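The file input33.txt comes next; it holds compact mmCIF, C-alpha atoms.
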```txt
# COMPACT_ATOMS: atom_id res chain seq x y z
CA MET A 243 31.97 43.57 -11.50
CA ASN A 244 34.67 44.96 -9.22
CA LYS A 245 36.47 42.02 -7.54
CA LYS A 246 37.39 44.18 -4.56
CA ARG A 247 33.74 45.02 -3.98
CA ILE A 248 32.76 41.32 -4.12
CA ALA A 249 35.54 40.46 -1.64
CA PHE A 250 34.29 43.03 0.85
CA TRP A 251 30.70 41.86 0.32
CA LEU A 252 31.75 38.33 1.26
CA LEU A 253 33.75 39.63 4.22
CA SER A 254 30.73 41.54 5.55
CA VAL A 255 28.50 38.45 5.14
CA VAL A 256 31.02 36.29 7.03
CA LEU A 257 31.16 38.90 9.81
CA ILE A 258 27.35 39.05 10.10
CA PHE A 259 27.04 35.26 10.28
CA SER A 260 29.89 35.04 12.79
CA ILE A 261 28.23 37.53 15.12
CA TRP A 262 24.91 35.75 14.66
CA ALA A 263 26.46 32.36 15.49
CA PHE A 264 28.22 33.75 18.57
CA VAL A 265 25.09 35.41 19.96
CA ALA A 266 23.01 32.27 19.30
CA TYR A 267 25.64 30.16 21.10
CA VAL A 268 25.70 32.47 24.11
CA MET A 269 21.90 32.72 24.36
CA LYS A 270 21.30 28.98 23.82
CA THR A 271 17.62 29.63 23.14
CA PRO A 272 16.77 28.42 19.61
CA PHE A 273 13.17 29.50 20.14
CA ILE A 274 14.32 33.15 20.24
CA LEU A 275 17.43 33.03 18.05
CA PRO A 276 18.18 29.85 16.05
CA ASP A 277 21.77 29.29 15.01
CA PRO A 278 22.81 29.98 11.38
CA LEU A 279 23.18 26.31 10.44
CA THR A 280 19.61 25.53 11.50
CA VAL A 281 18.26 28.49 9.53
CA ILE A 282 20.32 27.51 6.47
CA LYS A 283 18.86 24.00 6.58
CA ILE A 284 15.33 25.41 6.76
CA THR A 285 16.22 27.75 3.91
CA GLY A 286 17.23 24.78 1.78
CA ASN A 287 13.91 23.09 2.51
CA LEU A 288 12.04 26.25 1.52
CA LEU A 289 13.89 26.48 -1.79
CA VAL A 290 12.58 23.08 -2.84
CA SER A 291 9.07 23.82 -1.58
CA LYS A 292 6.39 24.53 -4.18
CA SER A 293 4.33 26.66 -1.78
CA PHE A 294 7.30 28.94 -1.11
CA TRP A 295 7.77 29.70 -4.81
CA ILE A 296 4.05 30.31 -5.25
CA ASN A 297 4.24 32.86 -2.42
CA PHE A 298 7.35 34.39 -3.97
CA ILE A 299 5.76 34.77 -7.42
CA ILE A 300 2.65 36.40 -5.96
CA SER A 301 4.71 38.82 -3.88
CA PHE A 302 6.96 39.64 -6.83
CA LEU A 303 3.95 40.38 -9.04
CA ARG A 304 2.63 42.79 -6.40
CA ILE A 305 6.04 44.43 -6.14
CA PHE A 306 6.34 44.76 -9.91
CA CYS A 307 2.83 46.21 -10.26
CA GLY A 308 3.46 48.71 -7.48
CA PHE A 309 6.80 49.74 -8.96
CA PHE A 310 5.46 50.06 -12.51
CA ILE A 311 2.55 52.27 -11.43
CA SER A 312 4.79 54.34 -9.13
CA ALA A 313 7.38 54.89 -11.85
CA ILE A 314 4.85 55.93 -14.51
CA LEU A 315 2.88 58.25 -12.21
CA GLY A 316 6.04 59.64 -10.63
CA ILE A 317 7.71 60.44 -13.96
CA LEU A 318 4.57 62.04 -15.40
CA THR A 319 3.92 64.11 -12.27
CA GLY A 320 7.58 65.07 -12.02
CA PHE A 321 7.65 66.28 -15.62
CA VAL A 322 4.50 68.34 -15.15
CA CYS A 323 5.84 69.89 -11.95
CA GLY A 324 9.23 70.49 -13.56
CA CYS A 325 7.67 72.31 -16.49
CA TYR A 326 5.22 74.33 -14.40
CA LYS A 327 6.65 75.73 -11.17
CA SER A 328 3.23 76.57 -9.76
CA LEU A 329 2.26 72.90 -9.91
CA GLU A 330 5.49 71.97 -8.12
CA TYR A 331 4.43 74.26 -5.25
CA PHE A 332 0.94 72.74 -5.34
CA PHE A 333 2.26 69.15 -5.01
CA GLU A 334 4.96 70.02 -2.45
CA ILE A 335 2.83 69.53 0.68
CA PRO A 336 0.98 66.35 -0.50
CA LEU A 337 4.29 64.73 -1.48
CA THR A 338 5.85 65.70 1.86
CA VAL A 339 2.88 64.24 3.73
CA LEU A 340 3.13 60.93 1.83
CA ARG A 341 6.88 60.73 2.46
CA THR A 342 6.55 61.34 6.20
CA ILE A 343 3.59 59.04 6.98
CA PRO A 344 4.88 55.84 8.67
CA VAL A 345 4.33 52.84 6.41
CA ILE A 346 2.62 50.81 9.13
CA ALA A 347 0.20 53.62 9.98
CA PHE A 348 -0.70 54.04 6.32
CA ILE A 349 -1.30 50.30 5.89
CA LEU A 350 -3.53 50.11 8.97
CA PHE A 351 -5.58 53.00 7.63
CA VAL A 352 -6.14 51.88 4.02
CA VAL A 353 -6.89 48.28 5.02
CA TYR A 354 -10.46 49.51 5.59
CA TRP A 355 -10.71 50.72 2.00
CA PHE A 356 -9.58 47.70 -0.02
CA ASN A 357 -9.48 43.94 0.28
CA SER A 358 -6.27 42.26 1.41
CA THR A 359 -5.09 41.52 -2.14
CA VAL A 360 -5.11 45.16 -3.26
CA VAL A 361 -3.81 46.96 -0.15
CA GLN A 362 -0.16 46.01 -0.77
CA VAL A 363 -0.06 47.45 -4.29
CA PHE A 364 -1.91 50.62 -3.26
CA VAL A 365 0.38 51.25 -0.29
CA CYS A 366 3.43 50.50 -2.42
CA VAL A 367 2.35 53.13 -4.94
CA MET A 368 1.55 55.74 -2.28
CA MET A 369 4.92 55.27 -0.57
CA SER A 370 7.06 55.00 -3.73
CA PHE A 371 5.35 57.55 -5.98
CA PRO A 372 6.66 60.59 -4.00
CA ILE A 373 10.25 59.30 -4.26
CA MET A 374 10.04 59.02 -8.03
CA THR A 375 8.31 62.39 -8.40
CA SER A 376 10.85 64.17 -6.19
CA ALA A 377 13.72 62.65 -8.15
CA VAL A 378 12.35 63.98 -11.44
CA ILE A 379 11.69 67.42 -9.96
CA SER A 380 15.25 67.50 -8.62
CA GLY A 381 16.44 66.82 -12.15
CA PHE A 382 14.63 69.86 -13.47
CA ASP A 383 15.96 71.98 -10.60
CA SER A 384 19.52 70.89 -11.45
CA VAL A 385 19.43 72.28 -14.99
CA ASP A 386 22.34 74.71 -15.42
CA SER A 387 21.06 78.28 -15.75
CA LYS A 388 23.93 79.05 -18.13
CA LEU A 389 22.69 76.37 -20.51
CA LEU A 390 19.22 77.90 -20.38
CA GLU A 391 20.70 81.29 -21.17
CA MET A 392 22.63 79.79 -24.08
CA ALA A 393 19.44 78.17 -25.41
CA ASP A 394 17.71 81.53 -25.16
CA ASN A 395 20.56 83.25 -27.01
CA PHE A 396 20.33 80.70 -29.82
CA LYS A 397 16.58 81.31 -30.06
CA PHE A 398 15.56 77.81 -29.00
CA ASN A 399 11.82 77.38 -28.67
CA LYS A 400 10.32 75.63 -25.62
CA LYS A 401 10.30 72.23 -27.31
CA GLN A 402 13.98 72.49 -28.32
CA THR A 403 14.99 73.77 -24.87
CA PHE A 404 13.22 70.84 -23.25
CA ARG A 405 14.68 68.24 -25.59
CA TYR A 406 18.30 69.42 -25.76
CA VAL A 407 18.82 71.14 -22.39
CA LYS A 408 16.35 69.99 -19.72
CA LEU A 409 15.79 66.34 -20.69
CA PRO A 410 19.52 65.35 -20.64
CA ALA A 411 19.77 66.80 -17.13
CA VAL A 412 16.66 64.99 -15.89
CA VAL A 413 17.41 61.49 -17.25
CA PRO A 414 20.13 60.62 -14.67
CA PHE A 415 17.74 61.60 -11.86
CA ILE A 416 15.05 59.36 -13.36
CA LYS A 417 17.54 56.50 -13.40
CA ASN A 418 18.49 56.97 -9.74
CA GLY A 419 14.86 57.50 -8.74
CA MET A 420 13.82 54.22 -10.37
CA ILE A 421 16.57 52.34 -8.55
CA GLN A 422 15.57 53.81 -5.17
CA THR A 423 11.87 53.20 -5.85
CA PHE A 424 12.44 49.57 -6.82
CA GLY A 425 14.20 48.82 -3.52
CA LEU A 426 11.51 50.60 -1.50
CA CYS A 427 8.75 48.63 -3.23
CA TRP A 428 10.13 45.37 -1.83
CA LYS A 429 10.04 46.60 1.78
CA VAL A 430 6.64 48.28 1.58
CA THR A 431 4.90 45.39 -0.21
CA ILE A 432 6.17 42.74 2.20
CA ALA A 433 5.21 44.92 5.18
CA GLY A 434 1.73 45.26 3.69
CA GLU A 435 1.43 41.49 3.35
CA VAL A 436 2.51 40.96 6.97
CA LEU A 437 -0.16 43.31 8.30
CA CYS A 438 -3.01 42.56 5.87
CA LEU A 439 -2.63 38.77 5.75
CA PRO A 440 -3.61 37.97 2.15
CA LYS A 441 -4.05 34.31 1.30
CA LYS A 442 -0.69 34.12 -0.48
CA GLY A 443 2.60 36.02 -0.33
CA LEU A 444 5.92 35.96 1.50
CA GLY A 445 4.71 38.50 4.04
CA ALA A 446 1.69 36.33 4.81
CA ALA A 447 4.05 33.35 5.20
CA LEU A 448 6.14 35.36 7.67
CA GLN A 449 3.11 36.20 9.77
CA PHE A 450 1.76 32.63 9.63
CA ASN A 451 5.02 31.13 10.88
CA GLN A 452 5.43 33.84 13.52
CA ILE A 453 1.98 33.05 14.93
CA HIS A 454 2.88 29.34 15.03
CA LEU A 455 6.19 30.15 16.79
CA GLU A 456 8.31 28.84 13.91
CA THR A 457 11.17 31.27 14.54
CA GLY A 458 13.61 29.37 12.34
CA THR A 459 11.26 29.52 9.35
CA VAL A 460 10.63 33.23 9.95
CA MET A 461 14.37 33.87 9.89
CA ALA A 462 14.82 31.65 6.82
CA ILE A 463 12.16 33.55 4.86
CA THR A 464 13.68 36.84 6.02
CA LEU A 465 17.11 35.69 4.89
CA LEU A 466 15.76 34.77 1.46
CA LEU A 467 13.97 38.12 1.24
CA VAL A 468 17.24 39.92 1.91
CA VAL A 469 19.02 37.87 -0.76
CA PHE A 470 16.22 38.35 -3.30
CA CYS A 471 15.90 42.07 -2.63
CA PHE A 472 19.66 42.63 -2.84
CA THR A 473 20.03 40.53 -5.99
CA PHE A 474 17.07 42.00 -7.87
CA GLU A 475 17.96 45.55 -6.84
CA LYS A 476 21.54 45.16 -8.13
CA LEU A 477 20.32 43.45 -11.29
CA PHE A 478 17.75 46.17 -11.90
CA ALA A 479 20.34 48.91 -11.29
CA PHE A 480 22.69 47.21 -13.76
CA CYS A 481 19.98 46.98 -16.44
CA VAL A 482 18.90 50.59 -15.96
CA LYS A 483 22.46 51.89 -16.16
CA LYS A 484 23.22 49.77 -19.23
CA LEU A 485 20.09 50.90 -21.04
CA TRP A 486 20.86 54.50 -20.13
CA ARG A 487 24.38 54.23 -21.58
CA GLU A 488 23.08 52.62 -24.77
CA GLY A 489 20.42 55.31 -25.09
CA LYS A 490 22.96 58.10 -25.08
```
Please render this file's structure as C-alpha cells.
Amino acid sequence: MNKKRIAFWLLSVVLIFSIWAFVAYVMKTPFILPDPLTVIKITGNLLVSKSFWINFIISFLRIFCGFFISAILGILTGFVCGCYKSLEYFFEIPLTVLRTIPVIAFILFVVYWFNSTVVQVFVCVMMSFPIMTSAVISGFDSVDSKLLEMADNFKFNKKQTFRYVKLPAVVPFIKNGMIQTFGLCWKVTIAGEVLCLPKKGLGAALQFNQIHLETGTVMAITLLLVVFCFTFEKLFAFCVKKLWREGK
C-alpha cells in the first residue's frame, strides 16, 4: 500500500481527534460530547464484550445478505437492460425512484410489511440494487462504437460481440459498482436496525444506549462502525481488484 496515503490517513485521523478533544474541552459537557479518551476506554471495553461481537456478527450477516442479493439482482438486471434498450427505458423510472427515496422514509414504510429481522435486508437490497444495476448499464453504454463497427465488419455474431467487445467494457463497471454497493450496504443496514429495533445488531445497540443516555457508548459503537466499514470496504475493494486482474 502507498506509504504516502497511509501517512495522510493518519494525519487526518489525528486532526479529527484533535478537533474533537478541543471541542469537548471547551464544552465541558460529557453528557453531550464525551472526550476522546473516555470514548476510547469504552471502545476497549466493548471489544472484549461478548454481546458486542454477537451484535456485530448479526449485523454483518445482514449486510452480507443484502449485498449478495443486491449484487446478483443488479448484475442480472443490468445485463438484461444493457442487451435490450427497451428494457433499459422501462427500468429507468423505477430505478430513479428507488435511488431518490430517502432511506429513513423507505424504512418507516416497509416496517409495516415485514418483521424487524427482515426489514434491514429488504431495505438494503432496495437501496443498493439500483446502484449496481446503473453501474452495469453504464458499462454497456460505454462500449466504443468503433469496436462494434469492427465486430460487425469481421462478421461477429451476437454471442461473439458480447463476449469479446461488450463484456470487457462492462467488467470494470461491475467492479466499481460492487465496491460502491458494499459501502452503501453498511450504512443502510445499520440505519434499518436503529429504526426497526431488532433484538440483536449494532444499530439496535446504538438505539438502546441512546435511549438510556449512554452517549459515550453510542460514540464508541459509532467509532467502531466507522473503523469496521472503512476496513472491510478497503479489504473488499482490494480483493475485487486483485481477482479482476487475475481474471484478465
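For the pair atom CA of Lys397 of chain A and atom CA of Ile416 of chain A, the separation is 27.6 Å.
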Requested in this report: Fewer than 5 positions away in the same chain doesn't count, so skip those; otherwise give me all residues within 10 Å of Val265 of chain A, counting only C-alpha atoms, as a VMD selection string.
Outcome: chain A and resid 259 to 260 270 to 271 275 to 277
Query raised in the report: Taking into account all atoms listed in the file, which residue in the set A:Ala462, A:Leu477, A:Ile379, A:Ala266 is nearest to Gly324 of chain A?
Result: A:Ile379
Requested in this report: Show which residues sit within 10 Å of Glu475 of chain A, as a VMD selection string. Count all atoms listed in the file, and ignore same-chain residues fewer than 5 positions away.
Outcome: chain A and resid 421 to 426 428 469 to 470 480 to 481
Requested in this report: Kindly indicate which residue among A:Trp262, A:Phe332, A:Lys400, A:Asn297 lies nearest to Leu467 of chain A, using all atoms listed in the file for the distances.
Outcome: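 Closest candidate: A:Asn297.
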**Report entry** Residue among A:Phe351, A:Phe364, A:Phe321, A:Phe371 lying closest to Leu337 of chain A, counting only C-alpha atoms
**Finding:**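 Ranking A:Phe351, A:Phe364, A:Phe321, A:Phe371 by distance to Leu337 of chain A, first place goes to A:Phe371.
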Query raised in the report: Skipping near chain neighbours, those fewer than 2 positions away, what residues fall within 9 Å of Gly316 of chain A using all atoms listed in the file, listed as number ranges by chain?
Result: A: 311-314, 318-321, 370-378
Query raised in the report: At what distance in Å, to one decimal, does atom CA of Val468 of chain A lie from atom CA of Cys427 of chain A?
Result: 13.2 Å
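Here atom CA of Phe474 of chain A stands at a distance of 14.5 Å from atom CA of Arg304 of chain A.
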Query - Selected residue of minimal separation from Leu466 of chain A among A:Val345, A:Ile284, A:Leu257, A:Met369, counting all atoms listed in the file - result: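 Of A:Val345, A:Ile284, A:Leu257, A:Met369, the one nearest Leu466 of chain A is A:Ile284, counting all atoms listed in the file.
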Query raised in the report: Could you tell me, as a VMD selection string, which residues have any atom at most 12 Å from (17.9, 65.3, -18.3), counting all atoms listed in the file?
Result: chain A and resid 321 324 377 to 386 403 to 418 486 490
Requested in this report: Within 12 Å of Thr359 of chain A, counting only C-alpha atoms, which residues show up once you throw out same-chain ones fewer than 2 positions away? Write them as a list in words, please.
Outcome: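 The contact residues come out as Ile300, Ser301, Leu303, Arg304, Val353, Trp355, Phe356, Asn357, Val361, Gln362, Val363, Phe364, Val365, Thr431, Gly434, Glu435, Val436, Leu437, Cys438, Leu439, Pro440, Lys441, Lys442, Gly443, Gly445 and Ala446 of chain A.
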**Report entry** For Pro344 of chain A: contacts at 12 Å, all atoms listed in the file, fewer than 2 positions along chain excluded, given as number ranges by chain
**Finding:** A: 339-342, 346-351, 365, 368-369, 430, 433
